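A.B. asks: Before I ask anything, let me first share the structure, which is written out below as structure tokens.
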Protein chains: 2
Amino acid sequence: MKKYVYTFAEGNLSMRNLLGGKGVNLCDMINLGVPVPPGFIVSTETCADYNAGGKALSADMKAQIDKCMTVVEGQIGKKFGDEANPLLVSVRSGARVSLPGMMDTVLNLGLNDVSVEALAKLTNNPRFAYDSYRRFIMMFADVVTGVDKHSFEHTLEEFKVSKGYVNDTDLTADDWKAVCEIFKDIYKKDQGASFPQDAKEQLYAAVGAVFRSWENERAIYYRKMNDIPHEWGTAVIVQSMVFGNMDENSGSGVIFSRNASTGENKINGDFLMNAQGEDVVAGIRTPEQLDKLATLKPEIYTKLVDINNMLEKHYRDMQDMEITIEQDKLYFLQTRSGKRTAQSAVKIAVDMVNEGMWSKEDALVNVPAADIVQLLLPTFDPDELKTVKQIGKGLNASPGAACGKVVFNTAEAKEAVAKGDKVILVRQMTTADDLEGMHLSQGILTAKGGMLSHAAVVAKGMGRCCVCGCEQIKFNEEAGYFELGGVKIKRGDVISLDGTTGMIYDKEIKTVAPNPFENKDFATLMTWADEVRTLTVRTNADAPKDALKALEFGAQGIGLTRTEHMFFEPDRIPKMRSMILADSEEERRAALNELLPFQRADFKGIFEAMKELPVTIRLLDPPLHEFMPENENDFNAVAKLTGKPVDEIKKKAAALHEENPMMGHRGCRLAVSYPEIAEMQTRAIIEAAIAVKKEKGYNIIPEIMIPLIVEIKELRFVKDIIDKTAKALIAESGISLDYMVGTMIEIPRACLTSDDIAKDAEFFSFGTNDLTQMTYGLSRDDAGKILEDYQERGIFANDPTAKLDRTGVGQLMKMSVDKGRTTRPTIKLGICGEHGGEPSSVEFCHMIGLDYVSCSPYRVPIARLAAAQAAIRNK
Amino acid sequence: MKKYVYTFAEGNLSMRNLLGGKGVNLCDMINLGVPVPPGFIVSTETCADYNAGGKALSADMKAQIDKCMTVVEGQIGKKFGDEANPLLVSVRSGARVSLPGMMDTVLNLGLNDVSVEALAKLTNNPRFAYDSYRRFIMMFADVVTGVDKHSFEHTLEEFKVSKGYVNDTDLTADDWKAVCEIFKDIYKKDQGASFPQDAKEQLYAAVGAVFRSWENERAIYYRKMNDIPHEWGTAVIVQSMVFGNMDENSGSGVIFSRNASTGENKINGDFLMNAQGEDVVAGIRTPEQLDKLATLKPEIYTKLVDINNMLEKHYRDMQDMEITIEQDKLYFLQTRSGKRTAQSAVKIAVDMVNEGMWSKEDALVNVPAADIVQLLLPTFDPDELKTVKQIGKGLNASPGAACGKVVFNTAEAKEAVAKGDKVILVRQMTTADDLEGMHLSQGILTAKGGMLSHAAVVAKGMGRCCVCGCEQIKFNEEAGYFELGGVKIKRGDVISLDGTTGMIYDKEIKTVAPNPFENKDFATLMTWADEVRTLTVRTNADAPKDALKALEFGAQGIGLTRTEHMFFEPDRIPKMRSMILADSEEERRAALNELLPFQRADFKGIFEAMKELPVTIRLLDPPLHEFMPENENDFNAVAKLTGKPVDEIKKKAAALHEENPMMGHRGCRLAVSYPEIAEMQTRAIIEAAIAVKKEKGYNIIPEIMIPLIVEIKELRFVKDIIDKTAKALIAESGISLDYMVGTMIEIPRACLTSDDIAKDAEFFSFGTNDLTQMTYGLSRDDAGKILEDYQERGIFANDPTAKLDRTGVGQLMKMSVDKGRTTRPTIKLGICGEHGGEPSSVEFCHMIGLDYVSCSPYRVPIARLAAAQAAIRNK
């Protein structure tokens, strides 16, 4: 005879496919001797048989359920369906993986018109008993028999109105009793039969309902989207109810084996006597600290501590446990690894190693790499945060916390900062023109743009807090205000931004700026990470101060210096604009000559800061329109500088407009059209390197990187310019200097032809921002609404602009690595897209054998830890 | 002893690597017994030895050259360096492949102060002799010894001014003699030695110069860009000069074995007695028709005809020959396959088969597929064309010839056409809003945009002539004119456009509209093509009239119906705009309901036209901003239709702006965000199919195509909508109807995950327009200047938006085909990008095993022929 039903004692962790994930976890606790309310599991195989066999439980299935129920009755000392001391149960679905849309839970099953009275007596709380009963009726009617939930809710509302009540808490025990009668009438009218009074009948119906919910539309959609086989089926967990609110010797609690905020190795938690689990977290009554239980119920406390210790050892991690005490009997309802702050995670990890519980590798993999940004950036004072309400939420584009007065553009930012104010820049979206304003601000808020929009990328690079793509913002810049969440925020009003959560507040909130290096555990963990990882970690830095910050955080070189960022400074941008708007090569060369000293000085600063560490400098990359004047003042400045009429300059600027600038005249295409730009930049790099080498004696080997390559011939054309310029300068200098020429790999065709490209490129750096855009055909500036819809509908599990898409983009990268190494086995391979600081992406870079990752300074420690985790996980 | 030098008689076609391409062709003619001016070849190996061995000819090399020269002297009866009857030679470079920047030709080598007199006497033309000598001095000085050419040109100008001359033709024999003296002085001043008078010395120097030119910068750059090994080297061809202008028994001619315009099988050509080859083509003297030679010089004519016949048989193709008669002796200077018009090519091909010279397969591969568009479209009257001058040239985006009055927008077009005028629409660039205007026009001219710009693609689809990207156009639409080539063209002025050449004229030119099906040879060739090809040829058609035109041209189905084009009609676009600007699903559904009858009627028309041939219909694809109102009238229309304030509509429209719309909210992303759009379109397709099946009994199997897929889950989401809608309608209809759901493959990620996508897609159609854009990261709307620079610098051999890039884009397609077939061996595979009508791209589609190509109606015959050629070439 086929075995359909298993008591908790009969199950174990290896039976996940048969009993579901939720079920086997309960079995495991039972096996450990933890007091868990007893119960049993109807297997996933039963589900298949049920759905195939006319959607009815067979006599055999029912008999096995009854038999297991008898076992449970013996364990708990109550009887299912009993009218004096009834055993009540919960019924839940439990598949191998959890699915949305499936029947969740029916509580208090077993109640009927008679046993509800018994419950009232046992709890000495008729109001609770009838409230529970009416909930059970509604839950059962809704999820088991499909009566429309709204008719119950509607009726309850009518009842409250008739009594002049406002809240549910206004209802008395008698009121609830009356509601139960009405609910049963609704049930009867809908189903043509009375509400089932027989406990077994209730149970069989509930089990069948769980099985049928496997086949509801949402569950099927979810399985289809996630390639989960239809055949798996779901199990049903039937567990006895225990009541923490039965009397003064009962209670409920939430317990942690260590401190979830600080990591301190001390059991702690909240509890309430004569209360249910939800009361502890609901905040209506103030819970007691766990210590109090030691004096109140010393025996139970001792037992609790013993089990706590045992569970932590067994599961080898800090535990988060739900307990219930029913009439002095302790039950564990659940245990799981506890959520914790980054600070706690770091301390627990280092402590666990010192306690001999974890290896260093365990410690490293058990601190979520992404979380440690919390230790590096200012955060809002958590106490104060509890007292304020958000007015809106955007994308958490760049972490940190900031508050300041609202400004709408760079000019306003300048004015306010000159007066000593701190400001937050709020824009529809940012462009190159806002760079100075972004620099001056504490944080940036935009209404449009995704995780890789200009605002997000630049802010992250600067270490500025940024919330972007908050589409609810209604802008009225001219009138000097914006609206959000029903609040009107005027220019000069103070707002606070949490870049870590995306929350926006209309108040000033105190910020806390931690120094991670004062935290010895953190320092220890980073040392361990460096011992294990094989990936080098570099940083993306455009200025010496960014480079120095990154060095503090452990960067081992610069993977990307964006030379264009240097042109946005107010003393340079007019010259840059003259260069772009030049009518001839001669004019362009004249403008470039004026830019040369700035670029050379910038590179000198960076070389000096990085000493002999490698520095990769990328030639001019963005579409030229990004540099274009946007207002009259700017146009006038260029006109003055060039001596040309404003109208002519405006026409020229308009002609630079592109329909899709991200796929336009940018990157090495600029060097192909205007070789003199690449020539000037090479000159600046090589002259700076020669100067620093002469002055400081550092052995500098500049790495010159060509962006947007699609074709070996294009690389050859630009490399020719670089080589000619560099060789002449080196020969002139009288000293020897090595340099490397390599390329960004950021266009699909570059990946597809990497074998060719590696003939002339000495290194590849994956520009996964652009590579993701092109591989998906998805513009990062326009992705906001699209990604929202796609994630909502379960089409994208992640935002590919934030977390590297291994399937598509990764496939191209892997291809490029293999092809590149085939041609040039010693080729140096790295990544400098934003993904270089995202843990899962770092792991992928490790897996495909890159030499280094490069990320913004504040993400360097994340990358170090993620690289270590990758090395451990992929041994 | 190493053999360095070969007489023409010693060489043959197999010695191409040793003697160069140009050289072995001469050898081959000699071997055939054709009278070719004798000569010899210094081998490519000599070049390597020369450049490795200190750049000097060894004594051995010189001796071999001298020896061969003696042979030539014997053959021609003149002596090299002789002062009475001097043998003059030409010296040319001849590598395996021709390289730009290499030394081309030095003519008349062997002339000196004495032999120039002899030449004067022999030709009885001292003016010619001294003109030749001064040319030789300048050529030799410039290309052999590197004297700056400009100093000669400058001096000649000064000489002319001093004499009061304007043109070179003003100079007398004495003048040229004086110029020779001055030129020799310049040479002496620059070189520190007199101009060499010794013929051998001249020759050795010229041979060395050819070898050195292999190493000049341009040649090296070209080799680098084209992966041509440096080691190949170049050969040097030394050939005796013959003079058609020696006397009245001399002459020159250009001869065709068949008629290059009509294909008529009759020898023909132009000749002039007492003239050089360039005189025949220069147009100063009117050449005689070849027939005249038969009466003038019957023996020579007979010999010429005999050799002509022999050469045509030998090379198995129509020949284009250059001949010179020197004192009644006939020489062939060159023979090659002759260029011909499409009409000629078709006739020759069919004749050759009938004559037993070619197989059908030979005929098929010898008609350039791309050229036959000439047979399908109107052209300008060639006679009239000779009399007009172009005012500018743009990209030849869509072939054909058109003339009409200039209009600047749709409104003007409507007004003019209503008056019965023919119009040409001239725009900066076109957008969706110009569609009606384009329809109404004979041709379209734009100042911006490349071969795949909106104007180009839409015009090609409509079969409208289009010249785009004519950047020289200076627009002043407000003032009602534009300027081009110094001419001011006002609104209403007549211009003519040649879409085949890109030429623009400011006159009316008569057009000729051929009917290709009256040409029996063409029909025959198409039949042969259909017998051979394995690729099916479908068409891209958005309306029944396009479909019918394509059927005439032999289309076997529709590969792409763009549903968005239907929304641009004036009675529909306001409804479309209301739909897009809707504030809720409800509003959107209401607008969609109004569009439904239009779509259904469109599809009915197409199904009726195509009977049972397959029809693929693509769901809405373009970025929504393309539909947005652009002027006040349009905004008012939408406001009236929706009852919303104009301001609100403007705001909403502005919010739809995207930074990179090509990678924005379009394609299936629209169906994901607004499933009701896909639902309406499915309804229209299925209802139309049901109706036609019921009314006509056709067994229609609509193919519904989802655009822009990047991910299987996205496909599943949209397919779910289609399936639900379709199945309900079919069930309702009471008849059975099959339909297919497939996807565009136009984003790199779709190629990379085609194994997954094929799980749910029943067909793939490669959208190579977008796929090329994304693979290259190159926007077709912005590619103009970039492609120009890239082709100029030799980085791109072709425009990848016109000719499919096999290396990158093709690699992705191949990957997709392999992955798709692995999952679903029966999957139907096609292409519907513009490349589907380009011969090389069609061949690639054949090579990777696609089932069909689809192209605009006017390219269907091209695709049929190209498909046949592909099948033959890839047996």
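Naming works like this for the structure tokens: A, B, ... for the chains as they're shown, residue 1 at the start of each chain, ligands 1 onward in shown order.
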Please return, as a ChimeraX atom specification, all residues of chain A lying within 7 Å of chain B when only C-alpha atoms are considered.
C.D. replies: /A:225,658-665,669,673,710,713-714,747-749,752-753,774-779,781-783,786,789,795,808
A.B. asks: From a DSSP calculation on the backbone, collect every residue of region 459-591 of chain B in strand (DSSP E) and output the set as a ChimeraX atom specification.
C.D. replies: /B:465-468,474-476,481-484,487-490,494-498,503-505,511-512,536-540,558-562
A.B. asks: So that I can see what lies close to region 851-861 of chain B, please list as an MDAnalysis selection string the residues with an atom at most 9 Å from it, counting only C-alpha atoms and leaving out residues fewer than 4 positions away in the same chain.
C.D. replies: chainID B and resid 369:370 372:373 376:377 460:463 526 534:541 546:555 557:560 765 828:838 842 845:846 865:867
A.B. asks: Quick one: everything within 9 Å of Leu156 (chain B), counting only C-alpha atoms, minus sequence neighbours fewer than 4 positions away in the same chain. Send it as JSON, numbers by chain.
C.D. replies: {"B": [151, 152, 160, 161, 179, 182, 183]}
A.B. asks: Output N, CA, C and O atoms for every residue in that selection, as an mmCIF file, in the first residue's frame.
C.D. replies:
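Here's the written file result21.cif:
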data_model
loop_
_atom_site.group_PDB
_atom_site.id
_atom_site.type_symbol
_atom_site.label_atom_id
_atom_site.label_comp_id
_atom_site.auth_asym_id
_atom_site.auth_seq_id
_atom_site.Cartn_x
_atom_site.Cartn_y
_atom_site.Cartn_z
ATOM 1 N N SER B 151 56.127 71.505 -57.648
ATOM 2 C CA SER B 151 57.047 72.491 -58.223
ATOM 3 C C SER B 151 56.964 72.461 -59.756
ATOM 4 O O SER B 151 57.067 73.502 -60.397
ATOM 5 N N PHE B 152 56.709 71.278 -60.343
ATOM 6 C CA PHE B 152 56.516 71.206 -61.793
ATOM 7 C C PHE B 152 55.224 71.905 -62.192
ATOM 8 O O PHE B 152 55.186 72.706 -63.120
ATOM 9 N N LYS B 160 52.647 79.400 -68.411
ATOM 10 C CA LYS B 160 51.437 79.724 -69.149
ATOM 11 C C LYS B 160 51.061 81.189 -68.955
ATOM 12 O O LYS B 160 50.716 81.883 -69.924
ATOM 13 N N VAL B 161 51.159 81.655 -67.719
ATOM 14 C CA VAL B 161 50.847 83.062 -67.437
ATOM 15 C C VAL B 161 51.770 83.973 -68.244
ATOM 16 O O VAL B 161 51.325 84.929 -68.890
ATOM 17 N N VAL B 179 59.458 73.865 -71.876
ATOM 18 C CA VAL B 179 59.028 73.352 -70.554
ATOM 19 C C VAL B 179 59.911 72.172 -70.141
ATOM 20 O O VAL B 179 60.312 72.044 -68.986
ATOM 21 N N ILE B 182 62.979 73.462 -68.618
ATOM 22 C CA ILE B 182 62.753 73.965 -67.249
ATOM 23 C C ILE B 182 62.591 72.798 -66.278
ATOM 24 O O ILE B 182 63.149 72.786 -65.186
ATOM 25 N N PHE B 183 61.842 71.790 -66.714
ATOM 26 C CA PHE B 183 61.595 70.628 -65.843
ATOM 27 C C PHE B 183 62.915 69.921 -65.496
ATOM 28 O O PHE B 183 63.130 69.497 -64.366
#
A.B. asks: Rounded to one decimal in Å, what is the spacing between CA of Met69 (chain A) and CA of Gly21 (chain A)?
C.D. replies: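 If I compute the distance from CA of Met69 (chain A) to CA of Gly21 (chain A), I get 21.1 Å.
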A.B. asks: CA of Glu45 (chain B) to CA of Gly233 (chain B): how many Å, to one decimal?
C.D. replies: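 A separation of 6.9 Å between them.
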A.B. asks: Excluding Phe332 (chain A) and residues on its chain fewer than 6 positions from it, collect all residues at most 8 Å away from it, counting only C-alpha atoms, and give them as a CSV table (one decimal) with all heavy atoms, in the first residue's frame.
C.D. replies:
chain,number,residue,atom,x,y,z
A,34,VAL,N,13.4,18.9,19.7
A,34,VAL,CA,12.8,20.2,20.1
A,34,VAL,C,11.3,20.0,20.2
A,34,VAL,O,10.7,19.3,19.4
A,34,VAL,CB,13.2,21.2,18.9
A,34,VAL,CG1,12.5,22.5,19.2
A,34,VAL,CG2,14.7,21.3,18.8
A,35,PRO,N,10.8,20.6,21.3
A,35,PRO,CA,9.3,20.5,21.4
A,35,PRO,C,8.6,21.3,20.4
A,35,PRO,O,8.5,22.5,20.5
A,35,PRO,CB,9.1,21.0,22.8
A,35,PRO,CG,10.2,21.9,23.1
A,35,PRO,CD,11.4,21.4,22.4
A,36,VAL,N,8.1,20.7,19.3
A,36,VAL,CA,7.3,21.3,18.3
A,36,VAL,C,5.9,20.8,18.4
A,36,VAL,O,5.7,19.6,18.6
A,36,VAL,CB,8.0,20.9,16.9
A,36,VAL,CG1,7.1,21.4,15.7
A,36,VAL,CG2,9.4,21.5,16.8
A,37,PRO,N,4.9,21.7,18.2
A,37,PRO,CA,3.5,21.2,18.2
A,37,PRO,C,3.4,20.0,17.2
A,37,PRO,O,3.8,20.2,16.0
A,37,PRO,CB,2.7,22.4,17.8
A,37,PRO,CG,3.5,23.6,18.1
A,37,PRO,CD,4.9,23.1,18.0
A,321,MET,N,14.1,32.4,16.4
A,321,MET,CA,13.1,31.4,16.8
A,321,MET,C,11.8,32.0,17.2
A,321,MET,O,11.7,33.0,17.9
A,321,MET,CB,13.7,30.5,17.9
A,321,MET,CG,15.0,29.8,17.5
A,321,MET,SD,16.1,29.5,18.9
A,321,MET,CE,16.7,31.1,19.2
A,322,GLU,N,10.7,31.3,16.9
A,322,GLU,CA,9.4,31.7,17.4
A,322,GLU,C,9.0,30.6,18.4
A,322,GLU,O,9.0,29.4,18.1
A,322,GLU,CB,8.3,31.7,16.3
A,322,GLU,CG,8.4,33.0,15.4
A,322,GLU,CD,7.4,32.9,14.3
A,322,GLU,OE1,6.3,32.4,14.5
A,322,GLU,OE2,7.8,33.4,13.2
A,323,ILE,N,8.6,31.1,19.6
A,323,ILE,CA,8.2,30.1,20.6
A,323,ILE,C,6.8,30.4,21.1
A,323,ILE,O,6.3,31.6,21.1
A,323,ILE,CB,9.1,30.1,21.9
A,323,ILE,CG1,9.2,31.5,22.5
A,323,ILE,CG2,10.5,29.7,21.5
A,323,ILE,CD1,9.6,31.5,23.9
A,324,THR,N,6.1,29.4,21.6
A,324,THR,CA,4.8,29.6,22.3
A,324,THR,C,4.9,28.8,23.6
A,324,THR,O,5.4,27.7,23.6
A,324,THR,CB,3.6,29.2,21.5
A,324,THR,OG1,3.5,30.2,20.4
A,324,THR,CG2,2.3,29.2,22.3
A.B. asks: Can you list, as a ChimeraX atom specification, every protein, DNA or RNA residue that comes within 12 Å of Ala728 (chain B) when you count only C-alpha atoms, leaving out same-chain residues fewer than 4 positions away?
C.D. replies: /B:679,682-683,686-687,721-724,732-737
A.B. asks: Just the selected residues (all heavy atoms), exported as a short mmCIF file (atom, residue, chain, number, x, y, z; two decimals), in the first residue's frame, please.
C.D. replies:
data_model
loop_
_atom_site.label_atom_id
_atom_site.label_comp_id
_atom_site.auth_asym_id
_atom_site.auth_seq_id
_atom_site.Cartn_x
_atom_site.Cartn_y
_atom_site.Cartn_z
N GLU B 679 -3.80 41.95 -27.19
CA GLU B 679 -5.10 41.28 -27.22
C GLU B 679 -5.93 41.78 -28.41
O GLU B 679 -6.48 40.99 -29.17
CB GLU B 679 -5.80 41.59 -25.90
CG GLU B 679 -6.91 40.65 -25.55
CD GLU B 679 -7.59 41.11 -24.26
OE1 GLU B 679 -6.90 41.30 -23.22
OE2 GLU B 679 -8.82 41.32 -24.30
N THR B 682 -4.38 40.54 -31.70
CA THR B 682 -4.67 39.13 -31.91
C THR B 682 -6.11 38.95 -32.37
O THR B 682 -6.41 38.20 -33.30
CB THR B 682 -4.43 38.34 -30.61
OG1 THR B 682 -3.10 38.57 -30.16
CG2 THR B 682 -4.66 36.86 -30.81
N ARG B 683 -7.00 39.66 -31.70
CA ARG B 683 -8.41 39.59 -32.06
C ARG B 683 -8.61 39.97 -33.53
O ARG B 683 -9.30 39.26 -34.29
CB ARG B 683 -9.22 40.51 -31.13
CG ARG B 683 -10.69 40.65 -31.48
CD ARG B 683 -11.44 41.49 -30.44
NE ARG B 683 -11.63 40.78 -29.19
CZ ARG B 683 -12.66 39.96 -28.96
NH1 ARG B 683 -13.59 39.77 -29.88
NH2 ARG B 683 -12.76 39.34 -27.80
N ILE B 686 -7.16 37.10 -35.82
CA ILE B 686 -7.91 35.84 -35.80
C ILE B 686 -9.31 36.04 -36.38
O ILE B 686 -9.79 35.22 -37.17
CB ILE B 686 -7.96 35.28 -34.36
CG1 ILE B 686 -6.55 34.96 -33.86
CG2 ILE B 686 -8.86 34.04 -34.28
CD1 ILE B 686 -5.82 33.87 -34.62
N GLU B 687 -9.95 37.15 -36.03
CA GLU B 687 -11.28 37.40 -36.60
C GLU B 687 -11.22 37.55 -38.11
O GLU B 687 -12.10 37.06 -38.83
CB GLU B 687 -11.91 38.66 -35.96
CG GLU B 687 -12.37 38.39 -34.53
CD GLU B 687 -13.01 39.62 -33.85
OE1 GLU B 687 -12.90 40.73 -34.41
OE2 GLU B 687 -13.59 39.45 -32.77
N ILE B 721 -1.18 35.71 -23.77
CA ILE B 721 -2.26 36.64 -24.15
C ILE B 721 -2.82 36.23 -25.51
O ILE B 721 -4.04 36.15 -25.71
CB ILE B 721 -1.71 38.09 -24.24
CG1 ILE B 721 -1.12 38.51 -22.91
CG2 ILE B 721 -2.81 39.05 -24.69
CD1 ILE B 721 -0.26 39.76 -23.02
N ILE B 722 -1.90 35.96 -26.44
CA ILE B 722 -2.32 35.59 -27.80
C ILE B 722 -3.15 34.31 -27.76
O ILE B 722 -4.24 34.24 -28.33
CB ILE B 722 -1.09 35.41 -28.72
CG1 ILE B 722 -0.34 36.73 -28.87
CG2 ILE B 722 -1.49 34.84 -30.08
CD1 ILE B 722 1.02 36.61 -29.56
N ASP B 723 -2.62 33.30 -27.07
CA ASP B 723 -3.30 32.00 -27.04
C ASP B 723 -4.69 32.12 -26.42
O ASP B 723 -5.66 31.57 -26.95
CB ASP B 723 -2.46 30.98 -26.27
CG ASP B 723 -1.28 30.46 -27.11
OD1 ASP B 723 -1.34 30.63 -28.34
OD2 ASP B 723 -0.33 29.91 -26.53
N LYS B 724 -4.75 32.82 -25.30
CA LYS B 724 -6.06 32.94 -24.63
C LYS B 724 -7.07 33.61 -25.56
O LYS B 724 -8.20 33.14 -25.71
CB LYS B 724 -5.90 33.79 -23.36
CG LYS B 724 -5.64 32.95 -22.14
CD LYS B 724 -5.61 33.81 -20.88
CE LYS B 724 -4.76 33.15 -19.83
NZ LYS B 724 -4.16 34.12 -18.91
N GLU B 732 -15.47 30.10 -30.31
CA GLU B 732 -16.70 30.84 -30.57
C GLU B 732 -17.14 30.70 -32.03
O GLU B 732 -18.34 30.68 -32.33
CB GLU B 732 -16.41 32.32 -30.34
CG GLU B 732 -17.40 33.09 -29.49
CD GLU B 732 -16.81 34.47 -29.22
OE1 GLU B 732 -16.79 35.28 -30.17
OE2 GLU B 732 -16.36 34.72 -28.09
N SER B 733 -16.14 30.66 -32.93
CA SER B 733 -16.43 30.74 -34.37
C SER B 733 -17.08 29.48 -34.91
O SER B 733 -17.74 29.51 -35.95
CB SER B 733 -15.14 30.98 -35.15
OG SER B 733 -14.39 29.77 -35.23
N GLY B 734 -16.85 28.38 -34.22
CA GLY B 734 -17.42 27.12 -34.69
C GLY B 734 -16.65 26.49 -35.83
O GLY B 734 -17.04 25.44 -36.33
N ILE B 735 -15.59 27.10 -36.30
CA ILE B 735 -14.76 26.43 -37.31
C ILE B 735 -13.37 26.19 -36.72
O ILE B 735 -13.04 26.74 -35.67
CB ILE B 735 -14.64 27.25 -38.63
CG1 ILE B 735 -13.84 28.54 -38.38
CG2 ILE B 735 -15.98 27.53 -39.23
CD1 ILE B 735 -13.46 29.23 -39.67
N SER B 736 -12.59 25.38 -37.39
CA SER B 736 -11.24 25.14 -36.88
C SER B 736 -10.28 26.08 -37.60
O SER B 736 -10.48 26.43 -38.76
CB SER B 736 -10.82 23.69 -37.10
OG SER B 736 -10.50 23.50 -38.45
N LEU B 737 -9.30 26.55 -36.85
CA LEU B 737 -8.29 27.45 -37.45
C LEU B 737 -6.99 27.20 -36.73
O LEU B 737 -6.92 27.24 -35.50
CB LEU B 737 -8.72 28.91 -37.27
CG LEU B 737 -7.76 29.93 -37.89
CD1 LEU B 737 -8.08 30.16 -39.36
CD2 LEU B 737 -7.82 31.27 -37.14
#
A.B. asks: Which of region 266-426 of chain B counts as helix (DSSP H, G or I) under DSSP, as an NGL selection string please?
C.D. replies: :B and (277-282 or 291-296 or 298-315 or 342-354 or 360-365 or 369-375 or 382-386 or 410-418)
A.B. asks: Just how far from CA of Ala95 (chain B) is CA of Gly20 (chain B), in Å to one decimal?
C.D. replies: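 These two atoms are separated by 4.5 Å.
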A.B. asks: Region 400-403 of chain B: which residues within 7 Å, counting only C-alpha atoms, same-chain residues fewer than 6 positions away excluded, as a ChimeraX atom specification?
C.D. replies: /B:377-380,424,442-443,465,494-500,508-509,511
A.B. asks: Could you save those same residues with N, CA and C atoms as a short mmCIF file (atom, residue, chain, number, x, y, z; two decimals), in the first residue's frame?
C.D. replies:
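Saved as part.cif:
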data_model
loop_
_atom_site.label_atom_id
_atom_site.label_comp_id
_atom_site.auth_asym_id
_atom_site.auth_seq_id
_atom_site.Cartn_x
_atom_site.Cartn_y
_atom_site.Cartn_z
N LEU B 377 12.24 49.31 -62.11
CA LEU B 377 11.87 50.65 -61.67
C LEU B 377 12.01 51.65 -62.80
N PRO B 378 11.23 52.74 -62.74
CA PRO B 378 11.41 53.78 -63.75
C PRO B 378 12.82 54.34 -63.69
N THR B 379 13.32 54.72 -64.83
CA THR B 379 14.64 55.34 -64.89
C THR B 379 14.52 56.61 -65.71
N PHE B 380 15.53 57.46 -65.61
CA PHE B 380 15.52 58.65 -66.45
C PHE B 380 15.93 58.27 -67.87
N ILE B 424 7.68 66.09 -55.04
CA ILE B 424 8.81 65.46 -54.35
C ILE B 424 8.84 66.04 -52.94
N GLN B 442 6.20 61.45 -55.46
CA GLN B 442 6.88 60.60 -56.43
C GLN B 442 8.20 60.12 -55.87
N GLY B 443 8.82 60.97 -55.02
CA GLY B 443 10.11 60.61 -54.45
C GLY B 443 10.37 61.42 -53.21
N CYS B 465 11.06 56.16 -54.95
CA CYS B 465 12.43 56.59 -55.13
C CYS B 465 12.83 57.48 -53.95
N VAL B 494 10.47 72.52 -59.76
CA VAL B 494 10.55 71.10 -60.14
C VAL B 494 11.98 70.60 -59.97
N ILE B 495 12.13 69.46 -59.31
CA ILE B 495 13.43 68.80 -59.26
C ILE B 495 13.26 67.34 -59.68
N SER B 496 14.38 66.70 -59.98
CA SER B 496 14.37 65.28 -60.33
C SER B 496 15.35 64.54 -59.43
N LEU B 497 14.95 63.35 -59.02
CA LEU B 497 15.78 62.54 -58.14
C LEU B 497 16.08 61.22 -58.81
N ASP B 498 17.32 60.79 -58.76
CA ASP B 498 17.65 59.45 -59.24
C ASP B 498 18.02 58.61 -58.03
N GLY B 499 17.09 57.78 -57.59
CA GLY B 499 17.30 56.96 -56.40
C GLY B 499 18.32 55.86 -56.64
N THR B 500 18.61 55.58 -57.88
CA THR B 500 19.56 54.53 -58.20
C THR B 500 21.00 55.03 -58.09
N GLU B 508 13.22 69.14 -64.87
CA GLU B 508 12.36 67.98 -65.11
C GLU B 508 13.06 67.07 -66.12
N ILE B 509 13.14 65.80 -65.82
CA ILE B 509 13.76 64.85 -66.75
C ILE B 509 12.73 63.75 -67.02
N THR B 511 11.01 60.29 -67.55
CA THR B 511 11.28 58.96 -66.99
C THR B 511 10.74 57.88 -67.90
#
